Structure formats: structure tokens, C-alpha cells
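Data from my_file.txt: compact mmCIF, C-alpha atoms
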```txt
# COMPACT_ATOMS: atom_id res chain seq x y z
CA MET A 29 94.26 158.71 -141.03
CA ALA A 30 95.15 155.11 -140.48
CA ALA A 31 98.66 154.62 -139.20
CA PHE A 32 100.90 152.97 -141.74
CA SER A 33 104.25 151.87 -140.43
CA ASP A 34 107.46 152.03 -142.42
CA GLU A 35 107.46 148.25 -142.52
CA LEU A 36 103.99 148.23 -144.06
CA LEU A 37 104.89 150.81 -146.67
CA MET A 38 108.02 148.86 -147.52
CA ALA A 39 106.06 145.63 -147.82
CA TYR A 40 103.64 147.41 -150.17
CA ALA A 41 106.54 148.57 -152.32
CA ASP A 42 107.87 145.00 -152.40
CA ASP A 43 104.51 143.37 -153.17
CA GLU A 44 104.63 141.44 -149.93
CA LEU A 45 101.13 142.31 -148.66
CA ASP A 46 97.90 140.37 -148.91
CA SER A 47 95.36 141.83 -151.33
CA ALA A 48 93.16 143.52 -148.72
CA THR A 49 96.04 145.31 -146.99
CA ASN A 50 97.55 146.11 -150.34
CA GLU A 51 94.37 147.86 -151.44
CA ALA A 52 94.14 149.79 -148.16
CA VAL A 53 97.64 151.16 -148.61
CA ALA A 54 97.01 151.97 -152.25
CA GLU A 55 93.86 153.87 -151.35
CA ALA A 56 95.68 155.92 -148.74
CA LEU A 57 98.52 156.72 -151.12
CA ARG A 58 96.08 158.17 -153.64
CA SER A 59 95.32 161.10 -151.37
CA ASP A 60 98.05 161.39 -148.76
CA THR A 61 101.12 163.26 -149.95
CA GLU A 62 103.00 162.81 -146.69
CA LEU A 63 102.45 159.06 -146.93
CA ASN A 64 103.77 159.23 -150.49
CA ARG A 65 106.88 160.98 -149.30
CA ARG A 66 107.58 158.19 -146.83
CA TYR A 67 106.65 155.52 -149.36
CA LEU A 68 109.02 156.91 -151.96
CA ALA A 69 112.07 155.91 -149.92
CA PHE A 70 111.03 152.26 -150.17
CA ALA A 71 109.80 152.39 -153.75
CA ARG A 72 113.15 153.72 -154.89
CA THR A 73 115.17 151.17 -152.97
CA GLY A 74 113.30 148.01 -153.89
CA ARG A 75 114.35 145.03 -155.90
CA ASP A 76 115.22 147.21 -158.87
CA LEU A 77 118.42 147.98 -156.98
CA GLY A 78 119.59 144.62 -158.26
CA GLN A 79 119.50 145.78 -161.88
CA PRO A 80 123.03 147.24 -161.88
CA PHE A 81 124.28 143.90 -160.52
CA ALA A 82 122.81 141.85 -163.38
CA ASP A 83 126.15 141.45 -165.16
CA PHE A 84 127.35 139.10 -162.44
CA LEU A 85 124.90 136.48 -163.67
CA ASN A 86 126.52 136.46 -167.11
CA GLU A 87 130.13 136.28 -165.96
CA PRO A 88 131.89 132.91 -165.75
CA ALA A 89 132.67 131.79 -162.24
CA PRO A 90 136.35 131.83 -161.23
CA ALA A 91 137.98 128.66 -162.47
CA SER A 92 139.82 128.17 -159.20
CA ILE A 93 136.55 127.94 -157.28
CA VAL A 94 134.98 125.57 -159.78
CA ALA A 95 138.15 123.48 -159.60
CA MET A 96 137.95 123.40 -155.83
CA ILE A 97 134.40 122.06 -155.97
CA ASN A 98 135.32 119.59 -158.70
CA ALA A 99 138.36 118.44 -156.74
CA HIS A 100 135.97 117.07 -154.18
CA GLU A 101 134.04 115.47 -156.99
CA THR A 102 137.08 113.49 -158.15
CA LYS A 103 137.14 111.71 -154.80
CA VAL A 104 140.90 112.16 -154.58
CA LEU A 105 140.37 112.64 -150.89
CA PRO A 106 139.11 109.61 -149.00
CA LYS A 107 135.94 109.89 -147.04
CA ARG A 108 136.41 110.61 -143.38
CA ALA A 109 136.16 107.45 -141.35
CA PRO A 110 133.48 107.17 -138.67
CA LEU A 111 134.65 109.22 -135.77
CA ALA A 112 134.70 108.74 -132.08
CA PRO A 113 131.76 110.49 -130.37
CA LYS A 114 133.80 113.61 -129.77
CA ARG A 115 137.11 114.52 -131.26
CA GLU A 116 139.15 117.65 -131.16
CA THR A 117 139.18 119.32 -134.54
CA TRP A 118 142.52 119.90 -136.10
CA ALA A 119 142.00 123.64 -135.80
CA GLU A 120 141.24 123.34 -132.09
CA TRP A 121 144.24 121.13 -131.64
CA LEU A 122 146.37 123.63 -133.47
CA SER A 123 145.18 126.42 -131.21
CA ASN A 124 145.68 124.42 -128.05
CA GLN A 125 148.96 122.77 -128.86
CA LEU A 126 150.90 125.07 -131.10
CA LEU A 127 149.88 128.62 -130.40
CA PRO A 128 151.37 128.79 -126.91
CA ALA A 129 154.70 127.68 -128.29
CA GLY A 130 155.09 130.73 -130.48
CA GLY A 131 157.26 130.38 -133.52
CA MET A 132 157.08 131.30 -137.11
CA GLY A 133 154.58 128.73 -138.23
CA LEU A 134 151.93 130.32 -136.14
CA ALA A 135 151.26 133.52 -137.98
CA ALA A 136 150.24 131.52 -140.96
CA ALA A 137 148.02 129.36 -138.82
CA GLY A 138 145.40 132.06 -138.74
CA TYR A 139 142.94 132.82 -141.45
CA GLY A 140 144.18 134.55 -144.51
CA LEU A 141 145.55 132.07 -146.98
CA ALA A 142 144.07 132.00 -150.43
CA LEU A 143 144.97 128.80 -152.19
CA VAL A 144 144.01 129.75 -155.67
CA ALA A 145 147.28 130.12 -157.50
CA GLY A 146 149.88 127.61 -158.52
CA ILE A 147 152.67 126.43 -156.35
CA GLY A 148 155.33 129.07 -155.90
CA ALA A 149 157.55 128.05 -153.07
CA GLY A 150 158.10 124.69 -154.66
CA ALA A 151 160.25 126.33 -157.26
CA LEU A 152 162.08 128.42 -154.69
CA ILE A 153 162.73 125.73 -152.16
CA GLY A 154 162.75 122.82 -154.53
CA GLY A 155 160.07 121.21 -152.51
CA VAL A 156 157.13 120.26 -154.65
CA HIS A 157 157.06 118.59 -158.03
CA GLY A 158 154.08 117.72 -160.12
CA PRO A 159 151.54 119.00 -162.62
CA ALA A 160 151.21 122.36 -160.93
CA GLY A 161 151.33 124.45 -164.07
CA ASP A 162 147.56 124.60 -164.35
CA GLY A 163 147.23 126.17 -160.94
CA SER A 164 145.38 123.21 -159.51
CA THR A 165 146.30 122.89 -155.88
CA VAL A 166 143.87 120.43 -154.40
CA GLY A 167 144.23 116.70 -154.71
CA ALA A 168 146.83 117.13 -157.41
CA GLY A 169 149.06 114.29 -156.24
CA LEU A 170 152.24 116.34 -156.16
CA SER A 171 155.28 114.75 -154.61
CA ALA A 172 157.40 116.57 -152.07
CA SER A 173 161.15 116.45 -152.27
CA GLY A 174 164.21 118.29 -151.08
CA ALA A 175 163.79 120.55 -148.08
CA LEU A 176 160.06 120.05 -147.86
CA ALA A 177 160.31 116.26 -147.89
CA SER A 178 163.10 116.43 -145.32
CA ALA A 179 161.12 118.71 -143.01
CA LEU A 180 158.04 116.50 -143.27
CA GLU A 181 160.06 113.34 -142.74
CA THR A 182 162.10 114.42 -139.73
CA GLY A 183 160.77 117.72 -138.37
CA HIS A 184 158.74 118.10 -135.20
CA SER A 185 155.50 120.11 -135.40
CA GLY A 186 155.87 123.71 -134.36
CA VAL A 187 159.61 123.76 -135.02
CA ALA A 188 160.70 125.94 -137.92
CA ARG A 189 163.44 124.58 -140.12
CA PRO A 190 165.50 127.20 -141.98
CA VAL A 191 165.94 126.58 -145.67
CA GLY A 192 168.74 127.83 -147.89
CA LEU A 193 171.92 129.66 -147.11
CA SER A 194 170.30 132.97 -146.31
CA GLY A 195 168.12 131.51 -143.62
CA GLN A 196 165.28 133.78 -144.68
CA ALA A 197 163.01 130.92 -145.67
CA ALA A 198 161.73 128.19 -143.40
CA ILE A 199 159.41 125.23 -143.33
CA THR A 200 157.39 124.41 -140.24
CA PRO A 201 155.37 121.21 -139.88
CA ARG A 202 152.28 122.19 -137.93
CA LEU A 203 150.51 119.00 -137.01
CA THR A 204 150.35 115.30 -137.81
CA PHE A 205 147.37 113.00 -138.21
CA LYS A 206 146.40 109.70 -139.82
CA THR A 207 143.99 108.86 -142.59
CA ALA A 208 141.40 106.10 -142.46
CA SER A 209 143.83 103.86 -144.32
CA GLY A 210 146.53 104.50 -141.73
CA ASP A 211 148.76 106.84 -143.73
CA PHE A 212 150.40 109.66 -141.86
CA CYS A 213 149.67 113.22 -143.01
CA ARG A 214 151.20 116.52 -141.99
CA GLN A 215 150.07 120.08 -142.42
CA TYR A 216 152.92 122.50 -142.92
CA ALA A 217 153.70 126.18 -143.45
CA MET A 218 156.43 127.87 -145.43
CA THR A 219 157.72 131.36 -144.86
CA LEU A 220 159.59 132.91 -147.73
CA PRO A 221 161.94 135.85 -148.16
CA GLY A 222 159.97 139.07 -148.32
CA GLY A 223 157.42 137.98 -145.77
CA THR A 224 155.18 135.87 -147.98
CA SER A 225 153.96 132.51 -146.81
CA GLU A 226 152.55 129.30 -148.20
CA GLU A 227 150.88 126.36 -146.61
CA GLY A 228 149.76 122.89 -147.48
CA VAL A 229 149.04 119.36 -146.37
CA ALA A 230 150.91 116.21 -147.45
CA CYS A 231 150.55 112.50 -146.73
CA ARG A 232 153.18 109.78 -146.60
CA THR A 233 152.46 106.84 -148.87
CA HIS A 234 155.00 104.14 -149.73
CA GLY A 235 157.79 106.16 -148.24
CA LYS A 236 157.04 109.37 -150.14
CA TRP A 237 155.21 112.53 -149.14
CA THR A 238 152.40 113.47 -151.52
CA VAL A 239 151.01 117.00 -151.36
CA HIS A 240 147.21 117.15 -151.34
CA ALA A 241 146.84 120.91 -151.12
CA HIS A 242 149.32 123.75 -151.31
CA GLY A 243 149.11 127.45 -152.08
CA PRO A 244 150.23 130.95 -151.34
CA GLY A 245 149.71 132.62 -148.00
CA ALA A 246 148.03 135.83 -147.00
CA THR A 247 150.54 138.28 -148.38
CA ALA A 248 151.48 136.38 -151.49
CA ALA A 249 150.65 137.99 -154.81
CA ILE A 250 147.94 136.06 -156.61
CA THR A 251 148.01 138.04 -159.80
CA PRO A 252 150.59 140.52 -161.00
CA GLY A 253 150.10 143.81 -159.26
CA ALA A 254 147.40 142.55 -156.95
CA THR A 255 147.70 141.29 -153.44
CA VAL A 256 145.01 139.29 -151.76
CA PRO A 257 144.39 140.52 -148.23
CA ALA A 258 144.10 138.25 -145.26
CA ALA A 259 140.65 136.82 -145.55
CA GLY A 260 140.58 133.20 -144.56
CA ALA A 261 139.74 131.50 -147.84
CA GLY A 262 142.88 129.43 -148.05
CA SER A 263 142.79 128.44 -144.44
CA ALA A 264 139.25 127.24 -144.91
CA LEU A 265 140.34 125.31 -147.97
CA VAL A 266 143.12 123.61 -146.03
CA GLU A 267 140.61 122.86 -143.32
CA ALA A 268 138.35 121.28 -145.89
CA VAL A 269 141.17 119.12 -147.21
CA VAL A 270 142.33 118.10 -143.74
CA ASP A 271 138.77 117.30 -142.72
CA GLY A 272 138.48 115.10 -145.76
CA LEU A 273 141.64 113.22 -144.90
CA ILE A 274 141.70 112.93 -141.14
CA ALA A 275 140.44 109.91 -139.25
CA GLY A 276 140.45 110.19 -135.48
CA ASN A 277 142.47 112.70 -133.54
CA VAL A 278 145.52 114.71 -134.38
CA LEU A 279 148.60 112.96 -133.03
CA THR A 280 149.79 114.14 -129.63
CA VAL A 281 153.35 115.36 -129.25
CA GLU A 282 154.32 111.96 -127.82
CA GLU A 283 152.58 110.04 -130.59
CA GLU A 284 154.23 112.20 -133.21
CA ALA A 285 157.64 111.67 -131.61
CA MET A 286 157.09 107.92 -131.73
CA ALA A 287 156.09 108.11 -135.39
CA LEU A 288 159.17 110.18 -136.19
CA GLY A 289 161.42 107.82 -134.27
CA GLY A 290 159.94 104.85 -136.02
CA GLN A 291 160.39 106.27 -139.51
CA TRP A 292 156.62 106.51 -139.86
CA ARG A 293 155.98 102.80 -139.63
CA GLN A 294 152.23 102.27 -139.39
CA MET B 2 127.67 115.50 -150.22
CA ASN B 3 126.43 114.01 -153.46
CA ASP B 4 127.18 115.04 -157.01
CA ASP B 5 123.86 116.85 -157.43
CA ILE B 6 124.65 119.19 -154.56
CA ARG B 7 128.12 119.92 -155.89
CA ALA B 8 126.64 120.63 -159.33
CA GLY B 9 124.14 122.90 -157.61
CA MET B 10 126.97 124.75 -155.93
CA VAL B 11 128.64 125.44 -159.27
CA GLU B 12 125.32 126.57 -160.72
CA LEU B 13 124.84 128.89 -157.78
CA LEU B 14 128.23 130.60 -158.12
CA PRO B 15 127.03 133.59 -160.20
CA ARG B 16 124.36 134.48 -157.66
CA LEU B 17 126.73 133.87 -154.80
CA ARG B 18 129.28 136.20 -156.39
CA ARG B 19 126.61 138.87 -156.86
CA PHE B 20 125.57 138.59 -153.23
CA ALA B 21 129.20 138.63 -152.10
CA TYR B 22 129.86 141.74 -154.15
CA SER B 23 126.90 143.50 -152.59
CA LEU B 24 128.46 142.81 -149.20
CA THR B 25 132.10 143.55 -149.93
CA GLY B 26 131.91 146.12 -152.73
CA SER B 27 134.97 144.57 -154.35
CA ARG B 28 135.31 141.85 -156.95
CA ASP B 29 138.49 140.46 -155.40
CA GLN B 30 136.98 140.34 -151.95
CA ALA B 31 133.75 138.94 -153.35
CA ASP B 32 135.57 136.06 -155.03
CA ASP B 33 137.54 135.50 -151.86
CA LEU B 34 134.33 135.31 -149.86
CA VAL B 35 132.75 132.95 -152.39
CA GLN B 36 135.78 130.68 -152.27
CA GLU B 37 135.73 130.51 -148.50
CA THR B 38 131.98 129.92 -148.55
CA CYS B 39 132.35 127.00 -150.93
CA ALA B 40 135.26 125.55 -148.97
CA ARG B 41 133.26 125.68 -145.78
CA ALA B 42 130.19 124.20 -147.48
CA LEU B 43 132.28 121.35 -148.88
CA SER B 44 133.80 120.62 -145.50
CA ARG B 45 130.42 120.67 -143.81
CA GLY B 46 128.34 118.93 -146.41
CA ASP B 47 126.95 116.61 -143.79
CA GLN B 48 125.20 119.58 -142.23
CA TYR B 49 123.17 120.27 -145.36
CA GLN B 50 119.67 118.91 -144.99
CA ALA B 51 118.29 117.26 -148.08
CA GLY B 52 115.15 118.93 -149.32
CA THR B 53 116.11 122.38 -148.10
CA ARG B 54 117.16 125.12 -150.44
CA LEU B 55 120.82 125.03 -151.34
CA ASP B 56 120.90 128.75 -152.07
CA SER B 57 119.57 129.60 -148.62
CA TRP B 58 122.20 127.37 -147.01
CA MET B 59 125.03 128.90 -149.06
CA PHE B 60 123.84 132.47 -148.47
CA ARG B 61 123.73 131.72 -144.75
CA ILE B 62 127.30 130.44 -144.77
CA ALA B 63 128.48 133.44 -146.80
CA GLN B 64 126.88 136.02 -144.55
CA ASN B 65 128.16 134.26 -141.45
CA ILE B 66 131.71 134.31 -142.76
CA TRP B 67 131.43 137.92 -143.79
CA LEU B 68 129.90 139.09 -140.52
CA ASP B 69 132.59 137.21 -138.59
CA ARG B 70 135.17 138.95 -140.72
CA CYS B 71 133.60 142.34 -140.05
CA ARG B 72 133.57 141.66 -136.32
CA SER B 73 137.17 140.52 -136.43
CA ASN B 74 138.19 143.66 -138.28
CA ALA B 75 136.21 145.79 -135.89
CA SER B 76 137.93 144.20 -132.91
CA ARG B 77 141.23 145.24 -134.43
CA GLY B 78 139.98 148.76 -134.98
CA GLU B 79 139.86 148.35 -138.74
CA SER B 80 136.17 148.86 -139.24
CA VAL B 81 133.09 150.51 -137.90
CA ASP B 82 131.21 149.69 -134.74
CA LEU B 83 128.69 147.11 -135.80
CA ASP B 84 126.06 148.51 -133.49
CA ALA B 85 126.41 152.05 -134.70
CA GLN B 86 124.05 153.33 -137.31
CA ALA B 87 126.10 154.52 -140.25
CA GLU B 88 126.12 158.22 -140.83
CA LEU B 89 124.82 158.81 -144.31
CA SER B 90 125.47 162.25 -145.63
CA GLY B 91 123.77 161.56 -148.92
CA SER B 92 126.53 162.92 -151.09
CA ASP B 93 129.09 160.24 -151.92
CA GLY B 94 126.60 157.58 -152.86
CA ARG B 95 124.59 159.68 -155.25
CA ASP B 96 125.15 158.96 -158.89
CA VAL B 97 121.99 158.90 -160.89
CA THR B 98 122.04 158.90 -164.65
CA GLU B 99 118.74 159.32 -166.43
CA GLY B 100 116.89 157.88 -163.50
CA ARG B 101 118.98 154.73 -163.32
CA LEU B 102 121.34 153.93 -160.53
CA THR B 103 124.81 152.75 -161.39
CA LEU B 104 126.58 149.81 -159.84
CA GLU B 105 129.07 152.18 -158.27
CA ALA B 106 126.37 154.36 -156.73
CA VAL B 107 124.39 151.49 -155.26
CA THR B 108 127.54 149.81 -154.00
CA ALA B 109 128.74 153.01 -152.36
CA GLY B 110 125.38 153.47 -150.69
CA ILE B 111 125.26 149.90 -149.42
CA GLU B 112 128.82 150.11 -148.12
CA ARG B 113 127.79 152.82 -145.72
CA LEU B 114 125.21 150.68 -144.01
CA PRO B 115 125.96 148.62 -140.90
CA PRO B 116 126.94 145.05 -141.86
CA GLU B 117 123.72 143.37 -140.72
CA GLN B 118 121.68 145.83 -142.79
CA ARG B 119 123.93 145.25 -145.79
CA VAL B 120 123.17 141.55 -145.62
CA LEU B 121 119.45 142.21 -145.78
CA VAL B 122 119.69 144.67 -148.65
CA GLY B 123 121.81 142.12 -150.49
CA LEU B 124 119.37 139.28 -149.90
CA VAL B 125 116.11 141.14 -150.59
CA CYS B 126 116.94 144.03 -152.91
CA ILE B 127 119.83 142.52 -154.88
CA GLU B 128 119.05 138.80 -154.76
CA GLY B 129 115.29 139.28 -154.78
CA LEU B 130 114.50 136.99 -151.86
CA SER B 131 111.15 137.38 -150.15
CA TYR B 132 111.05 138.51 -146.54
CA LYS B 133 110.20 134.95 -145.52
CA GLU B 134 113.14 133.55 -147.47
CA ALA B 135 115.50 136.13 -145.99
CA ALA B 136 114.26 135.29 -142.52
CA SER B 137 115.00 131.64 -143.25
CA VAL B 138 118.54 132.44 -144.39
CA LEU B 139 119.26 134.53 -141.32
CA GLU B 140 117.27 132.32 -138.97
CA VAL B 141 115.51 135.33 -137.47
CA PRO B 142 111.79 136.23 -137.25
CA ILE B 143 110.26 137.89 -140.29
CA GLY B 144 109.47 140.94 -138.14
CA THR B 145 113.17 141.39 -137.50
CA VAL B 146 113.82 141.24 -141.20
CA MET B 147 111.21 143.90 -141.90
CA SER B 148 112.24 146.35 -139.21
CA ARG B 149 115.95 146.01 -139.99
CA LEU B 150 115.37 146.25 -143.73
CA ALA B 151 113.11 149.28 -143.41
CA ARG B 152 115.81 151.15 -141.48
CA ALA B 153 118.38 150.16 -144.07
CA ARG B 154 116.19 151.26 -146.98
CA LYS B 155 115.47 154.68 -145.48
CA ALA B 156 119.17 155.28 -144.88
CA LEU B 157 120.03 153.98 -148.32
CA HIS B 158 117.47 156.27 -149.91
CA ASP B 159 118.94 159.26 -148.13
CA ALA B 160 122.37 158.27 -149.41
CA LEU B 161 121.30 157.72 -153.00
CA PHE B 162 118.76 160.49 -153.51
CA ALA B 163 119.67 163.86 -152.11
CA GLU B 164 117.00 165.90 -153.83
CA PRO B 165 113.76 166.70 -151.98
CA ALA B 166 111.32 163.85 -152.15
CA VAL B 167 108.45 163.94 -154.60
CA VAL B 168 105.30 164.81 -152.72
CA THR B 169 102.66 164.03 -155.29
CA PRO B 170 100.83 160.72 -155.43
CA LEU B 171 102.81 158.11 -157.28
CA SER B 172 101.98 156.25 -160.44
CA LYS B 173 102.19 152.46 -160.69
CA GLU B 174 105.59 152.78 -162.34
CA ALA B 175 106.84 154.84 -159.44
CA ARG B 176 106.02 151.99 -157.12
CA HIS B 177 108.94 150.15 -158.58
CA GLY B 178 111.39 152.99 -158.32
CA ARG B 179 111.14 154.12 -161.94
CA VAL B 180 110.65 157.75 -161.06
```

The structure given in the file should be rewritten as C-alpha cells.
Amino acid sequence: MAAFSDELLMAYADDELDSATNEAVAEALRSDTELNRRYLAFARTGRDLGQPFADFLNEPAPASIVAMINAHETKVLPKRAPLAPKRETWAEWLSNQLLPAGGMGLAAAGYGLALVAGIGAGALIGGVHGPAGDGSTVGAGLSASGALASALETGHSGVARPVGLSGQAAITPRLTFKTASGDFCRQYAMTLPGGTSEEGVACRTHGKWTVHAHGPGATAAITPGATVPAAGAGSALVEAVVDGLIAGNVLTVEEEAMALGGQWRQ
Amino acid sequence: MNDDIRAGMVELLPRLRRFAYSLTGSRDQADDLVQETCARALSRGDQYQAGTRLDSWMFRIAQNIWLDRCRSNASRGESVDLDAQAELSGSDGRDVTEGRLTLEAVTAGIERLPPEQRVLVGLVCIEGLSYKEAASVLEVPIGTVMSRLARARKALHDALFAEPAVVTPLSKEARHGRV
């Protein structure tokens, strides 16, 4: 009996063989029950396994994901300027500069934020105002005010600023960078009572901080009764937004201090 | 990234969700994976090579993210050893109704495979990619695809079909699993 490997039998079941080999296998299967027994495992686990998954093709895609793709389409975010031959990514900078310092902004610096819901902390902290009711969180042109605006305007990266009388909430600017047009931008994190977190990125234009992306953190409830586990989607989304905005390197601690001291004069 | 590619991404979302579900076994986690995949694709649009298949590129990003996540979970003791062959008892995953497998049964069977094998089952058996296309997505030789997929399929069969195998020659219909 010719030796037929599992791979060959599987390829026969999947119609992946040339005609001559296909016929050879078919001929053997007509008389070899042991070969049929082995072949059956592949015949039963072929592309028909996809049949029970067919409903996915008829379901509408999540609006939040379509909106995220379309947000890039609107060109709200400026194209990244030509870069120096090698620059430190904002994520690398964050790891190198902020992680050793510890502090509350750091837990949220990891993966796990899912920016798909509307702005929640804005209502709590009085920080973000704008057309957030539709849940759009990218490139929405929301303006920061109150504690958030204050933290962005005067806070040093990596330093948590308590918010409210209870002291259970805090805002932590994480890093500062400039856009191609010279505007300053800051990525920030919020921790809220109950352990939830939010994060976002805002840029300073004409003396005001405009939020370009903002959403709930890893433990924040996205829908009633459901909690999205740490998974990295939101962090990747923030990374996408920052990558779209940033031109050049993240500001060093000294550069940021100069910008703060100079009231963000360009 | 031009508008055509972004439109292609939206068009691809149903298939991407199906693939993500085959990996995660959960709609919430599947949508989460799809979102992260799209975010990463948008941020790295300059890496997409015009003329290549968008679906292959997106599937590659999705499986990379998911495998990284599995490894991260494993390093925290939250998941299985990636190198260990899953033990398949053949009981939990079996749910056959009138010869047709349910979504729950297939998902349960796939979930018990090692992550790298799950990716291949998802690409070939669920998404219908050819071996060559799957090899392109994973950037591995086609022989690797075949050997890894064959191991996965044998284990999956054991999980889904507990009864003794049929030992008579098969009809044409049986070739496609309609037995």
C-alpha cells in the first residue's frame, strides 16, 4: 500500500491536490478501510466547519469600529510630518520616561482601554464638553475645561492631580508632544472612584485644549451589565490618534517644563 | 492610507469579526480584537503594500495581536502553555444535531486547541483560505501550514465526534463532512 500522510489526506479532503495525486488518493480510498478511517477526521473538519459561522456575514459591523475608520477618513487628524530618520515612539518614550516613576497614571498606560463608549468622566469631573452624546470619541473636537483643562495647562507629566473633595479621582498628564503645525498636545489619564479609568489626548489651540480622543479605561462598563476586560483596543486607538498627530519626538522633561513655564508659547 | 483601503476595511469587517470569533469564542472579545486590529492597521497604513490582499494583511494583524495577547496571558498564568498540545477528551465539544455541527460545538472544540492551531483552523476551515493563502498570512512555509493544520484537525475531530469512526469507504458527499 502506498503511504499516504495525514497532510496528503487532509489536502485531498480540502481539494488542494493536483488531479493525478487526487485520483491516486481516491483510488486508494475505494478499497482501504483503514485509510478511510484516517481520512474521515479531515473530511469532517473541512471548510464546512465554517457553516455555523455564516451569520457573522449578515450582521452589521459595530458602529464604533466603523466610526473609528471613518474618523480617519474625515482627516480631522493632520498627517504626520516627515520624521527624522529615527525617533522614539510615544509608547517607547512612555515606557522609558514614565514607568520608572511609578504613580497612578501608569496602570492605565498599559493595554486595556476600549474607547468605544461616550465620554463618562467628563460629566463627573466637569472636564470635557462637546457633542459626545453620539458616542463618537475620535476627532470630535471636544473642548476641555475645569479640572481637565487645568491639569493639561499646568500639570507635569507623570504627576497625578487629585480632583474633587474626596480625592478619589485624579488626572495625570502622561506625555507632551507637538503637531506638525506646532501645537502642543498632551496624552492624559483619569482615574475615577471605584477603580475605573479613562484616557485621552488633547491639543492646545488658541489657548484652549481640544480633546481628539477620549474614552473609558479597562475596567469601565461599556454597556449595562457588561464589563470589557483588559484587551488593548483603546490603547491601540490612542496610539493611532497620537501617531496621527505627533511630529518629531515627545518632549523631554526639560522641554515640557519650559513649555509649561512659558504658558505654551510656540 | 487612501479612501479605497479604508472602504475595503469596512467591507472586510464581517469576515474579520467571524475570524476573530473563531479565535476568541466570544462576541465581545471578537469585537474588541477587531477594533484593535483596525486601530493598528490605521496607524500603520504606510506598511500596507499596494497590490497585496487587504484581507491577508488584516488577518495577519489580527492573529498577531491575538497571539501576543495569549502569550501575555500565559506569562501571567492565565492561560495554557502555548507549546503544549491541548488535551481533548472529546466530550465537551460534542454537540451534533442531525449531522450538523452547531456554532457552540465548533467553537468549544476550537477553543481547546493551542492558539497557533486555532489560527489555522480559523483561516482555512472557517474563512476558507487555501493553504497557500494561509501560509501568506502567517508568513510561514506551506508545509508548516499543512502539518500544523493536520494535527489541529485530528484533535478537533476527536473533540467533536466521539463515536467510533466509520470504516466503510466514503461517498463523494462524505468527502465534505456530510456524513

Counting all atoms listed in the file, which residues of chain A sit at most 6 Å from some atom of chain B, and what is each one's closest atom pair with its distance in Å to one decimal, listed by chain and rising residue number, as JSON lines?
```
{"residue": "A:Glu35", "atom": "CA", "partner": "B:Met147", "partner_atom": "CA", "distance": 5.8}
{"residue": "A:Ala41", "atom": "CA", "partner": "B:Arg176", "partner_atom": "CA", "distance": 5.9}
{"residue": "A:Arg58", "atom": "CA", "partner": "B:Pro170", "partner_atom": "CA", "distance": 5.7}
{"residue": "A:Thr61", "atom": "CA", "partner": "B:Val168", "partner_atom": "CA", "distance": 5.2}
{"residue": "A:Asn64", "atom": "CA", "partner": "B:Pro170", "partner_atom": "CA", "distance": 5.9}
{"residue": "A:Arg65", "atom": "CA", "partner": "B:Val168", "partner_atom": "CA", "distance": 5.4}
{"residue": "A:Ala69", "atom": "CA", "partner": "B:His158", "partner_atom": "CA", "distance": 5.4}
{"residue": "A:Ala71", "atom": "CA", "partner": "B:Gly178", "partner_atom": "CA", "distance": 4.9}
{"residue": "A:Arg72", "atom": "CA", "partner": "B:Gly178", "partner_atom": "CA", "distance": 3.9}
{"residue": "A:Gly74", "atom": "CA", "partner": "B:Cys126", "partner_atom": "CA", "distance": 5.5}
{"residue": "A:Arg75", "atom": "CA", "partner": "B:Cys126", "partner_atom": "CA", "distance": 4.1}
{"residue": "A:Leu77", "atom": "CA", "partner": "B:Cys126", "partner_atom": "CA", "distance": 5.9}
{"residue": "A:Gly78", "atom": "CA", "partner": "B:Ile127", "partner_atom": "CA", "distance": 4.0}
{"residue": "A:Pro80", "atom": "CA", "partner": "B:Leu104", "partner_atom": "CA", "distance": 4.8}
{"residue": "A:Phe84", "atom": "CA", "partner": "B:Arg19", "partner_atom": "CA", "distance": 5.6}
{"residue": "A:Leu85", "atom": "CA", "partner": "B:Pro15", "partner_atom": "CA", "distance": 5.0}
{"residue": "A:Ile93", "atom": "CA", "partner": "B:Gln36", "partner_atom": "CA", "distance": 5.8}
{"residue": "A:Ala261", "atom": "CA", "partner": "B:Glu37", "partner_atom": "CA", "distance": 4.2}
{"residue": "A:Ala264", "atom": "CA", "partner": "B:Ala40", "partner_atom": "CA", "distance": 5.9}
{"residue": "A:Leu265", "atom": "CA", "partner": "B:Ala40", "partner_atom": "CA", "distance": 5.2}
{"residue": "A:Ala268", "atom": "CA", "partner": "B:Ser44", "partner_atom": "CA", "distance": 4.6}
```

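Of the listed residues A:His240, A:His234, A:Ile199, A:Ser59, the one whose atoms come nearest to Gly174 of chain A is A:Ile199, with distances taken using all atoms listed in the file.
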
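Straight-line separation from atom CA of Asp69 of chain B to atom CA of Thr145 of chain B: 19.9 Å.
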
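Residue nearest Leu114 of chain B within the list B:Leu24, B:Val138, B:Ala51, B:Ala31: B:Leu24 [criterion: smallest interatomic distance, only C-alpha atoms].
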
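Ranking A:Leu37, A:Asp211, A:Thr182, A:Asn277 by their shortest atom-to-atom distance to Gly290 of chain A, with all atoms listed in the file included, puts A:Thr182 first.
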
Worksheet item: Do you have the atom CA of Leu273 of chain A-atom CA of Ile62 of chain B distance handy?
Response: 22.4 Å

Item to complete: Would you list the contacts of segment 50-56 of chain A as an NGL selection string, taking every protein, DNA or RNA residue within 9 Å and counting only C-alpha atoms, but skipping same-chain residues closer than 3 positions in sequence?
Response: :A and (29-30 or 32 or 36-37 or 39-40 or 43-47 or 59-60 or 63-64)

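Between atom CA of Leu180 of chain A and atom CA of Val278 of chain A the separation is 15.5 Å.
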
Worksheet item: Hey, which of A:Gly186, A:Gly210, A:Ser171, A:Thr49 ends up closest to Gly276 of chain A? Count all atoms listed in the file.
Response: A:Gly210
